[in-house]
Every structure is written in C-alpha cells, then in structure tokens.
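Listing of run.cif; format and content: mmCIF, N, CA and C atoms.
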data_data
loop_
_atom_site.label_atom_id
_atom_site.label_comp_id
_atom_site.auth_asym_id
_atom_site.auth_seq_id
_atom_site.Cartn_x
_atom_site.Cartn_y
_atom_site.Cartn_z
N MET D 1 0.83 -1.18 0.00
CA MET D 1 0.00 0.00 0.00
C MET D 1 0.88 1.25 0.00
N LEU D 2 0.50 2.20 -0.80
CA LEU D 2 1.25 3.43 -0.94
C LEU D 2 0.92 4.36 0.22
N GLY D 3 1.96 4.77 0.95
CA GLY D 3 1.77 5.73 2.04
C GLY D 3 1.72 7.15 1.50
N LYS D 4 1.70 8.08 2.40
CA LYS D 4 1.70 9.50 2.01
C LYS D 4 3.08 9.87 1.48
N ILE D 5 3.09 10.87 0.60
CA ILE D 5 4.33 11.39 0.06
C ILE D 5 4.33 12.89 0.29
N PHE D 6 5.36 13.38 0.99
CA PHE D 6 5.49 14.80 1.29
C PHE D 6 6.77 15.34 0.68
N VAL D 7 6.72 16.57 0.23
CA VAL D 7 7.92 17.28 -0.20
C VAL D 7 8.09 18.46 0.73
N VAL D 8 9.28 18.57 1.32
CA VAL D 8 9.61 19.70 2.19
C VAL D 8 10.69 20.50 1.47
N SER D 9 10.29 21.67 0.97
CA SER D 9 11.22 22.50 0.23
C SER D 9 10.73 23.94 0.20
N LYS D 10 11.66 24.86 0.37
CA LYS D 10 11.32 26.27 0.23
C LYS D 10 11.27 26.67 -1.24
N ASP D 11 11.76 25.79 -2.11
CA ASP D 11 11.76 26.03 -3.56
C ASP D 11 10.40 25.59 -4.13
N THR D 12 9.52 26.55 -4.33
CA THR D 12 8.16 26.27 -4.80
C THR D 12 8.16 25.58 -6.16
N ASN D 13 9.04 26.00 -7.05
CA ASN D 13 9.11 25.40 -8.38
C ASN D 13 9.46 23.92 -8.29
N LEU D 14 10.45 23.57 -7.47
CA LEU D 14 10.83 22.17 -7.31
C LEU D 14 9.68 21.36 -6.71
N ARG D 15 9.00 21.91 -5.71
CA ARG D 15 7.85 21.21 -5.11
C ARG D 15 6.80 20.89 -6.16
N ASP D 16 6.50 21.86 -7.03
CA ASP D 16 5.49 21.66 -8.07
C ASP D 16 5.92 20.61 -9.08
N ILE D 17 7.18 20.63 -9.47
CA ILE D 17 7.69 19.65 -10.44
C ILE D 17 7.62 18.24 -9.86
N ILE D 18 8.05 18.09 -8.62
CA ILE D 18 8.01 16.77 -7.98
C ILE D 18 6.56 16.30 -7.84
N LYS D 19 5.68 17.19 -7.44
CA LYS D 19 4.27 16.83 -7.28
C LYS D 19 3.69 16.30 -8.59
N LYS D 20 3.93 17.00 -9.69
CA LYS D 20 3.40 16.57 -11.00
C LYS D 20 3.92 15.18 -11.35
N GLN D 21 5.22 14.94 -11.16
CA GLN D 21 5.80 13.64 -11.50
C GLN D 21 5.25 12.54 -10.61
N VAL D 22 5.15 12.83 -9.33
CA VAL D 22 4.65 11.82 -8.38
C VAL D 22 3.20 11.45 -8.71
N LEU D 23 2.38 12.45 -9.00
CA LEU D 23 0.97 12.17 -9.27
C LEU D 23 0.76 11.48 -10.62
N ILE D 24 1.69 11.65 -11.56
CA ILE D 24 1.62 10.88 -12.81
C ILE D 24 1.90 9.41 -12.51
N SER D 25 2.91 9.15 -11.71
CA SER D 25 3.32 7.78 -11.40
C SER D 25 2.44 7.12 -10.34
N PHE D 26 1.92 7.93 -9.42
CA PHE D 26 1.09 7.41 -8.32
C PHE D 26 -0.19 8.25 -8.25
N PRO D 27 -1.11 8.03 -9.19
CA PRO D 27 -2.30 8.90 -9.27
C PRO D 27 -3.18 8.90 -8.02
N THR D 28 -3.11 7.85 -7.23
CA THR D 28 -3.94 7.79 -6.02
C THR D 28 -3.17 8.18 -4.76
N ALA D 29 -1.96 8.68 -4.95
CA ALA D 29 -1.11 9.02 -3.79
C ALA D 29 -1.72 10.16 -2.98
N ASP D 30 -1.55 10.05 -1.69
CA ASP D 30 -1.90 11.13 -0.78
C ASP D 30 -0.67 12.02 -0.71
N PHE D 31 -0.68 13.11 -1.47
CA PHE D 31 0.50 13.96 -1.63
C PHE D 31 0.35 15.25 -0.84
N GLY D 32 1.43 15.65 -0.20
CA GLY D 32 1.43 16.92 0.51
C GLY D 32 2.76 17.61 0.33
N SER D 33 2.74 18.91 0.48
CA SER D 33 3.99 19.64 0.39
C SER D 33 3.96 20.79 1.39
N CYS D 34 5.15 21.15 1.83
CA CYS D 34 5.28 22.27 2.77
C CYS D 34 6.67 22.87 2.63
N LYS D 35 6.82 24.05 3.19
CA LYS D 35 8.09 24.76 3.08
C LYS D 35 9.09 24.35 4.14
N THR D 36 8.60 23.98 5.33
CA THR D 36 9.51 23.72 6.45
C THR D 36 9.13 22.44 7.19
N THR D 37 10.07 21.96 7.99
CA THR D 37 9.78 20.78 8.81
C THR D 37 8.77 21.11 9.90
N LYS D 38 8.70 22.37 10.29
CA LYS D 38 7.69 22.77 11.27
C LYS D 38 6.29 22.56 10.70
N GLU D 39 6.09 22.93 9.45
CA GLU D 39 4.80 22.69 8.79
C GLU D 39 4.55 21.19 8.65
N LEU D 40 5.61 20.44 8.38
CA LEU D 40 5.46 18.98 8.25
C LEU D 40 4.97 18.36 9.54
N SER D 41 5.40 18.91 10.67
CA SER D 41 5.03 18.34 11.97
C SER D 41 3.52 18.44 12.24
N GLU D 42 2.83 19.23 11.46
CA GLU D 42 1.38 19.35 11.61
C GLU D 42 0.63 18.16 10.99
N HIS D 43 1.35 17.34 10.24
CA HIS D 43 0.76 16.16 9.59
C HIS D 43 1.13 14.91 10.40
N SER D 44 0.24 13.96 10.42
CA SER D 44 0.57 12.70 11.11
C SER D 44 1.23 11.77 10.10
N LEU D 45 2.47 11.42 10.38
CA LEU D 45 3.22 10.54 9.48
C LEU D 45 3.21 9.13 10.02
N GLU D 46 3.26 8.18 9.11
CA GLU D 46 3.26 6.77 9.48
C GLU D 46 4.49 6.09 8.89
N PHE D 47 4.66 4.84 9.26
CA PHE D 47 5.86 4.07 8.91
C PHE D 47 6.19 4.11 7.42
N GLY D 48 5.25 3.89 6.52
CA GLY D 48 5.53 3.78 5.10
C GLY D 48 5.53 5.07 4.32
N ASP D 49 5.36 6.20 5.00
CA ASP D 49 5.32 7.48 4.30
C ASP D 49 6.72 7.88 3.83
N VAL D 50 6.76 8.65 2.75
CA VAL D 50 8.02 9.13 2.20
C VAL D 50 8.06 10.65 2.33
N ILE D 51 9.16 11.15 2.85
CA ILE D 51 9.37 12.58 2.98
C ILE D 51 10.56 12.94 2.12
N ILE D 52 10.33 13.76 1.11
CA ILE D 52 11.39 14.21 0.21
C ILE D 52 11.84 15.58 0.72
N TYR D 53 13.06 15.64 1.23
CA TYR D 53 13.56 16.84 1.91
C TYR D 53 14.64 17.52 1.08
N ASN D 54 14.43 18.79 0.77
CA ASN D 54 15.38 19.55 -0.02
C ASN D 54 16.38 20.24 0.91
N SER D 55 17.53 19.61 1.10
CA SER D 55 18.53 20.20 2.00
C SER D 55 19.22 21.40 1.36
N GLU D 56 19.09 21.57 0.06
CA GLU D 56 19.66 22.74 -0.60
C GLU D 56 18.91 24.01 -0.21
N SER D 57 17.59 23.94 -0.16
CA SER D 57 16.82 25.13 0.19
C SER D 57 16.53 25.22 1.69
N ASN D 58 16.52 24.09 2.37
CA ASN D 58 16.11 24.07 3.78
C ASN D 58 17.27 23.88 4.76
N GLY D 59 18.44 23.55 4.26
CA GLY D 59 19.60 23.38 5.13
C GLY D 59 19.61 22.02 5.81
N PRO D 60 20.62 21.79 6.65
CA PRO D 60 20.74 20.51 7.34
C PRO D 60 19.54 20.26 8.26
N ILE D 61 19.30 19.00 8.52
CA ILE D 61 18.17 18.62 9.36
C ILE D 61 18.68 17.94 10.63
N PRO D 62 18.09 18.22 11.77
CA PRO D 62 18.53 17.54 12.99
C PRO D 62 18.21 16.04 12.92
N GLN D 63 19.18 15.22 13.25
CA GLN D 63 19.01 13.77 13.19
C GLN D 63 17.83 13.32 14.04
N THR D 64 17.62 13.95 15.15
CA THR D 64 16.52 13.54 16.04
C THR D 64 15.17 13.71 15.37
N LEU D 65 15.06 14.68 14.46
CA LEU D 65 13.78 14.89 13.77
C LEU D 65 13.43 13.71 12.89
N ILE D 66 14.38 13.22 12.13
CA ILE D 66 14.12 12.08 11.25
C ILE D 66 13.73 10.87 12.08
N ASN D 67 14.50 10.59 13.13
CA ASN D 67 14.22 9.42 13.96
C ASN D 67 12.88 9.52 14.68
N SER D 68 12.51 10.71 15.12
CA SER D 68 11.26 10.86 15.88
C SER D 68 10.04 10.97 14.98
N THR D 69 10.22 11.41 13.74
CA THR D 69 9.09 11.59 12.83
C THR D 69 8.67 10.29 12.18
N GLY D 70 9.62 9.44 11.87
CA GLY D 70 9.30 8.20 11.17
C GLY D 70 9.24 8.41 9.67
N GLY D 71 8.87 7.36 8.98
CA GLY D 71 8.80 7.42 7.53
C GLY D 71 10.17 7.23 6.90
N TYR D 72 10.17 7.25 5.58
CA TYR D 72 11.41 7.14 4.81
C TYR D 72 11.76 8.52 4.28
N TRP D 73 12.93 9.01 4.62
CA TRP D 73 13.35 10.35 4.24
C TRP D 73 14.33 10.28 3.08
N LEU D 74 14.06 11.06 2.04
CA LEU D 74 14.94 11.18 0.88
C LEU D 74 15.53 12.57 0.87
N ASN D 75 16.86 12.66 0.86
CA ASN D 75 17.56 13.94 0.86
C ASN D 75 17.82 14.37 -0.58
N ILE D 76 17.40 15.59 -0.92
CA ILE D 76 17.74 16.17 -2.22
C ILE D 76 18.91 17.12 -1.96
N SER D 77 20.01 16.88 -2.66
CA SER D 77 21.21 17.68 -2.42
C SER D 77 21.90 18.03 -3.73
N GLU D 78 22.55 19.17 -3.74
CA GLU D 78 23.34 19.58 -4.90
C GLU D 78 24.57 18.69 -5.03
N LYS D 79 25.16 18.40 -3.92
CA LYS D 79 26.43 17.68 -3.86
C LYS D 79 26.17 16.24 -3.39
N ILE D 80 26.60 15.28 -4.18
CA ILE D 80 26.41 13.87 -3.82
C ILE D 80 27.77 13.18 -3.73
N ASP D 81 28.66 13.74 -2.98
CA ASP D 81 29.96 13.10 -2.78
C ASP D 81 29.87 12.12 -1.61
N GLU D 82 30.96 11.42 -1.33
CA GLU D 82 30.95 10.41 -0.26
C GLU D 82 30.62 11.02 1.10
N ALA D 83 31.16 12.19 1.38
CA ALA D 83 30.92 12.82 2.69
C ALA D 83 29.44 13.18 2.86
N THR D 84 28.82 13.71 1.82
CA THR D 84 27.40 14.08 1.89
C THR D 84 26.53 12.83 2.04
N GLN D 85 26.89 11.79 1.32
CA GLN D 85 26.12 10.55 1.44
C GLN D 85 26.26 9.94 2.84
N MET D 86 27.47 9.93 3.38
CA MET D 86 27.67 9.37 4.72
C MET D 86 26.92 10.19 5.76
N ARG D 87 26.96 11.50 5.63
CA ARG D 87 26.25 12.38 6.57
C ARG D 87 24.75 12.08 6.50
N SER D 88 24.22 11.91 5.30
CA SER D 88 22.80 11.61 5.12
C SER D 88 22.44 10.26 5.73
N LEU D 89 23.29 9.27 5.53
CA LEU D 89 23.05 7.94 6.09
C LEU D 89 23.07 8.00 7.61
N VAL D 90 24.06 8.66 8.18
CA VAL D 90 24.18 8.78 9.64
C VAL D 90 23.00 9.58 10.22
N ASP D 91 22.54 10.59 9.49
CA ASP D 91 21.43 11.42 9.96
C ASP D 91 20.09 10.68 9.95
N GLY D 92 20.04 9.53 9.26
CA GLY D 92 18.81 8.75 9.25
C GLY D 92 18.04 8.76 7.94
N PHE D 93 18.58 9.44 6.93
CA PHE D 93 17.91 9.42 5.62
C PHE D 93 17.93 8.01 5.06
N SER D 94 16.91 7.68 4.29
CA SER D 94 16.84 6.38 3.62
C SER D 94 17.45 6.45 2.23
N GLY D 95 17.78 7.64 1.79
CA GLY D 95 18.39 7.80 0.49
C GLY D 95 18.76 9.23 0.20
N ILE D 96 19.50 9.41 -0.89
CA ILE D 96 19.91 10.74 -1.32
C ILE D 96 19.86 10.77 -2.84
N ILE D 97 19.46 11.92 -3.36
CA ILE D 97 19.36 12.08 -4.81
C ILE D 97 19.86 13.48 -5.15
N SER D 98 20.47 13.63 -6.30
CA SER D 98 20.97 14.93 -6.72
C SER D 98 19.83 15.80 -7.21
N ILE D 99 19.90 17.06 -6.90
CA ILE D 99 18.89 18.01 -7.36
C ILE D 99 18.89 18.09 -8.89
N GLN D 100 20.01 17.67 -9.51
CA GLN D 100 20.12 17.70 -10.96
C GLN D 100 19.68 16.40 -11.62
N ASP D 101 19.35 15.37 -10.84
CA ASP D 101 18.88 14.11 -11.42
C ASP D 101 17.57 14.33 -12.16
N ASN D 102 17.36 13.51 -13.16
CA ASN D 102 16.13 13.58 -13.94
C ASN D 102 14.93 13.31 -13.04
N ILE D 103 13.90 14.08 -13.19
CA ILE D 103 12.70 13.95 -12.37
C ILE D 103 12.05 12.57 -12.52
N ASP D 104 12.31 11.90 -13.64
CA ASP D 104 11.76 10.55 -13.86
C ASP D 104 12.32 9.53 -12.87
N LYS D 105 13.41 9.86 -12.19
CA LYS D 105 14.02 8.94 -11.24
C LYS D 105 13.23 8.85 -9.93
N TYR D 106 12.50 9.90 -9.58
CA TYR D 106 11.81 9.96 -8.29
C TYR D 106 10.84 8.80 -8.04
N PRO D 107 9.98 8.44 -9.01
CA PRO D 107 9.08 7.30 -8.74
C PRO D 107 9.82 6.00 -8.41
N ARG D 108 10.92 5.76 -9.10
CA ARG D 108 11.71 4.55 -8.84
C ARG D 108 12.30 4.58 -7.43
N VAL D 109 12.81 5.73 -7.04
CA VAL D 109 13.39 5.88 -5.70
C VAL D 109 12.30 5.71 -4.64
N ILE D 110 11.14 6.32 -4.86
CA ILE D 110 10.03 6.22 -3.91
C ILE D 110 9.59 4.76 -3.75
N ARG D 111 9.46 4.04 -4.86
CA ARG D 111 9.06 2.62 -4.79
C ARG D 111 10.07 1.81 -3.99
N CYS D 112 11.35 2.04 -4.24
CA CYS D 112 12.40 1.32 -3.51
C CYS D 112 12.30 1.60 -2.02
N MET D 113 12.16 2.86 -1.67
CA MET D 113 12.11 3.23 -0.26
C MET D 113 10.87 2.64 0.42
N GLN D 114 9.74 2.67 -0.27
CA GLN D 114 8.53 2.12 0.33
C GLN D 114 8.59 0.59 0.44
N SER D 115 9.53 -0.01 -0.25
CA SER D 115 9.75 -1.45 -0.12
C SER D 115 10.76 -1.76 0.98
N GLY D 116 11.21 -0.72 1.67
CA GLY D 116 12.17 -0.90 2.75
C GLY D 116 13.62 -0.85 2.31
N GLU D 117 13.87 -0.53 1.04
CA GLU D 117 15.24 -0.44 0.55
C GLU D 117 15.78 0.96 0.78
N ILE D 118 17.09 1.12 0.58
CA ILE D 118 17.70 2.43 0.72
C ILE D 118 18.30 2.84 -0.61
N TRP D 119 18.55 4.13 -0.77
CA TRP D 119 19.04 4.67 -2.04
C TRP D 119 20.33 5.44 -1.81
N PHE D 120 21.43 4.70 -1.74
CA PHE D 120 22.76 5.27 -1.61
C PHE D 120 23.66 4.52 -2.59
N SER D 121 24.85 5.07 -2.85
CA SER D 121 25.77 4.39 -3.75
C SER D 121 26.23 3.08 -3.10
N ARG D 122 26.61 2.14 -3.94
CA ARG D 122 27.10 0.85 -3.45
C ARG D 122 28.35 1.02 -2.60
N GLN D 123 29.19 1.99 -2.94
CA GLN D 123 30.41 2.22 -2.18
C GLN D 123 30.07 2.64 -0.74
N ILE D 124 29.08 3.49 -0.58
CA ILE D 124 28.69 3.96 0.76
C ILE D 124 28.10 2.81 1.55
N ILE D 125 27.27 2.00 0.93
CA ILE D 125 26.66 0.85 1.63
C ILE D 125 27.75 -0.13 2.04
N ALA D 126 28.70 -0.41 1.13
CA ALA D 126 29.79 -1.33 1.45
C ALA D 126 30.62 -0.79 2.62
N PHE D 127 30.91 0.49 2.61
CA PHE D 127 31.68 1.11 3.69
C PHE D 127 30.92 0.98 5.01
N ALA D 128 29.63 1.28 5.00
CA ALA D 128 28.82 1.22 6.22
C ALA D 128 28.75 -0.21 6.76
N ILE D 129 28.64 -1.19 5.89
CA ILE D 129 28.60 -2.59 6.32
C ILE D 129 29.95 -2.99 6.93
N ARG D 130 31.04 -2.59 6.29
CA ARG D 130 32.37 -2.91 6.84
C ARG D 130 32.55 -2.27 8.22
N GLN D 131 32.09 -1.04 8.38
CA GLN D 131 32.18 -0.37 9.68
C GLN D 131 31.37 -1.13 10.73
N TYR D 132 30.19 -1.55 10.37
CA TYR D 132 29.32 -2.30 11.28
C TYR D 132 29.99 -3.63 11.66
N GLN D 133 30.54 -4.32 10.66
CA GLN D 133 31.19 -5.61 10.92
C GLN D 133 32.39 -5.43 11.85
N THR D 134 33.18 -4.40 11.60
CA THR D 134 34.35 -4.13 12.44
C THR D 134 33.93 -3.84 13.87
N GLN D 135 32.90 -3.03 14.04
CA GLN D 135 32.42 -2.70 15.40
C GLN D 135 31.84 -3.93 16.07
N SER D 136 31.16 -4.80 15.33
CA SER D 136 30.58 -6.01 15.91
C SER D 136 31.66 -6.95 16.39
N ILE D 137 32.72 -7.09 15.61
CA ILE D 137 33.82 -7.98 15.99
C ILE D 137 34.53 -7.42 17.22
N THR D 138 34.76 -6.11 17.25
CA THR D 138 35.44 -5.47 18.37
C THR D 138 34.62 -5.59 19.65
N SER D 139 33.31 -5.46 19.57
CA SER D 139 32.47 -5.50 20.77
C SER D 139 32.34 -6.93 21.31
N GLU D 140 32.58 -7.94 20.49
CA GLU D 140 32.49 -9.34 20.93
C GLU D 140 33.74 -9.77 21.69
N GLU D 141 34.83 -9.06 21.50
CA GLU D 141 36.10 -9.46 22.12
C GLU D 141 36.19 -9.07 23.57
#
Can the structure from this file be put into structure tokens for me?
Amino acid sequence: MLGKIFVVSKDTNLRDIIKKQVLISFPTADFGSCKTTKELSEHSLEFGDVIIYNSESNGPIPQTLINSTGGYWLNISEKIDEATQMRSLVDGFSGIISIQDNIDKYPRVIRCMQSGEIWFSRQIIAFAIRQYQTQSITSEE
C-alpha cells in the first residue's frame, strides 16, 4: 500500500515539479507539500510514508527529527559526494538524490524506499557494512 508522500522545500518550483511527476506515477497518492519541517510536523506521518527533503533550500536537518518523525526520508542535495552521502546515512535518511537528477528517477526511488530499501551508492553501503562488521567484531572481544 502506498503511504503518504510529502515534499519539504522552500523552492516552490521544485515542489510543483516533484508533485506533478509523483501524481503521474502514483495517481492515487496522498501527496502533501510544505516549506519547512515545522509545517510537516502538523501532519501525522506513518511508517511507510516518504518525505522528500530539499537540503539545498532548507539546510541541514537535525538527526533527532528524522528518527522521531518516522517514515522514509529522501535527501535532495546539490552535492552527492561520499561525505554528503555518509552524513545523510548517519542522519537517518533512507536515500539521497541529486537536485540535478532527472525527475523521472523519483518514482523509482520512492518505490524502492517504500519497499524498505535504501538509495545510496554501493560504495557507501559497502563502507557502512564494513564499519558495522568491524564494530561487531570489536564488541564481541
């Protein structure tokens, strides 16, 4: 079942573009948009909901907000280097996408996230798994 999809962005043009693409791909989606996370907090979010967050227009997000709000968070960023991806992963995002990526990519990313998958580069996932394995081995000793 498709959960709610929200876009949090101060960039009105980007919000409108994402909304049009999402509603083409998910015509029955419960779609919402807002400028800030404060406005988002007025909505009740559930486990399968997707929040598309524009960190370019809205700035960094407190990690506690993602963890306390729930849902799958997708970070839209200008810069998709390893450091930005790692920061997004540590902050609790379920994925990251470049603001310059083709808008046709969004439905695919949303479907993956709603299936419980994450959207990061394979290198970042491999690094995170190696870090987890190393910490697990160290804590067992």
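Selection check: the PyMOL selection byres ((chain D and resi 10-21) around 6) on the shown file gives Val8, Ser9, Val22, Leu23, Ile24, Ser25, Phe26, Cys34, Lys35, Thr36, Ser57 and Asn58 of chain D.
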On this structure, which residues satisfy the PyMOL selection byres ((chain D and resi 3) around 6), written as number ranges by chain? D: 1-2, 4-5, 30, 48-50
Min atom-atom distance to Gly71 of chain D from the set D:Glu46, D:Asp91, D:Glu56, D:Glu117, counting all atoms listed in the file, belongs to D:Glu46
Pick from D:Ile51, D:Leu45, D:Leu89, D:Gly59, whichever lies nearest to Ile129 of chain D using only C-alpha atoms: D:Leu89
Have a look at D:Ser121, D:Ser77, D:Thr37, D:Gln85 and name the one nearest to Asp101 of chain D; count only C-alpha atoms.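 Looking only at the distances to Asp101 of chain D, the closest residue turns out to be D:Ser77.
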Taking the partial coordinates given, rebuild segment 126-138 of chain D to contain N, CA, C and O atoms; return it as a CSV table (one decimal), in the coordinates of the input.
chain,number,residue,atom,x,y,z
D,126,ALA,N,28.7,-0.4,1.1
D,126,ALA,CA,29.8,-1.3,1.4
D,126,ALA,C,30.6,-0.8,2.6
D,126,ALA,O,31.0,-1.5,3.5
D,127,PHE,N,30.9,0.5,2.6
D,127,PHE,CA,31.7,1.1,3.7
D,127,PHE,C,30.9,1.0,5.0
D,127,PHE,O,31.5,0.6,6.0
D,128,ALA,N,29.6,1.3,5.0
D,128,ALA,CA,28.8,1.2,6.2
D,128,ALA,C,28.8,-0.2,6.8
D,128,ALA,O,28.9,-0.4,8.0
D,129,ILE,N,28.6,-1.2,5.9
D,129,ILE,CA,28.6,-2.6,6.3
D,129,ILE,C,30.0,-3.0,6.9
D,129,ILE,O,30.0,-3.6,8.0
D,130,ARG,N,31.0,-2.6,6.3
D,130,ARG,CA,32.4,-2.9,6.8
D,130,ARG,C,32.6,-2.3,8.2
D,130,ARG,O,33.1,-2.9,9.1
D,131,GLN,N,32.1,-1.0,8.4
D,131,GLN,CA,32.2,-0.4,9.7
D,131,GLN,C,31.4,-1.1,10.7
D,131,GLN,O,31.8,-1.3,11.8
D,132,TYR,N,30.2,-1.6,10.4
D,132,TYR,CA,29.3,-2.3,11.3
D,132,TYR,C,30.0,-3.6,11.7
D,132,TYR,O,30.0,-4.0,12.8
D,133,GLN,N,30.5,-4.3,10.7
D,133,GLN,CA,31.2,-5.6,10.9
D,133,GLN,C,32.4,-5.4,11.8
D,133,GLN,O,32.6,-6.2,12.8
D,134,THR,N,33.2,-4.4,11.6
D,134,THR,CA,34.4,-4.1,12.4
D,134,THR,C,33.9,-3.8,13.9
D,134,THR,O,34.5,-4.3,14.8
D,135,GLN,N,32.9,-3.0,14.0
D,135,GLN,CA,32.4,-2.7,15.4
D,135,GLN,C,31.8,-3.9,16.1
D,135,GLN,O,32.0,-4.1,17.3
D,136,SER,N,31.2,-4.8,15.3
D,136,SER,CA,30.6,-6.0,15.9
D,136,SER,C,31.7,-7.0,16.4
D,136,SER,O,31.6,-7.5,17.5
D,137,ILE,N,32.7,-7.1,15.6
D,137,ILE,CA,33.8,-8.0,16.0
D,137,ILE,C,34.5,-7.4,17.2
D,137,ILE,O,34.8,-8.1,18.2
D,138,THR,N,34.8,-6.1,17.2
D,138,THR,CA,35.4,-5.5,18.4
D,138,THR,C,34.6,-5.6,19.6
D,138,THR,O,35.2,-5.8,20.7
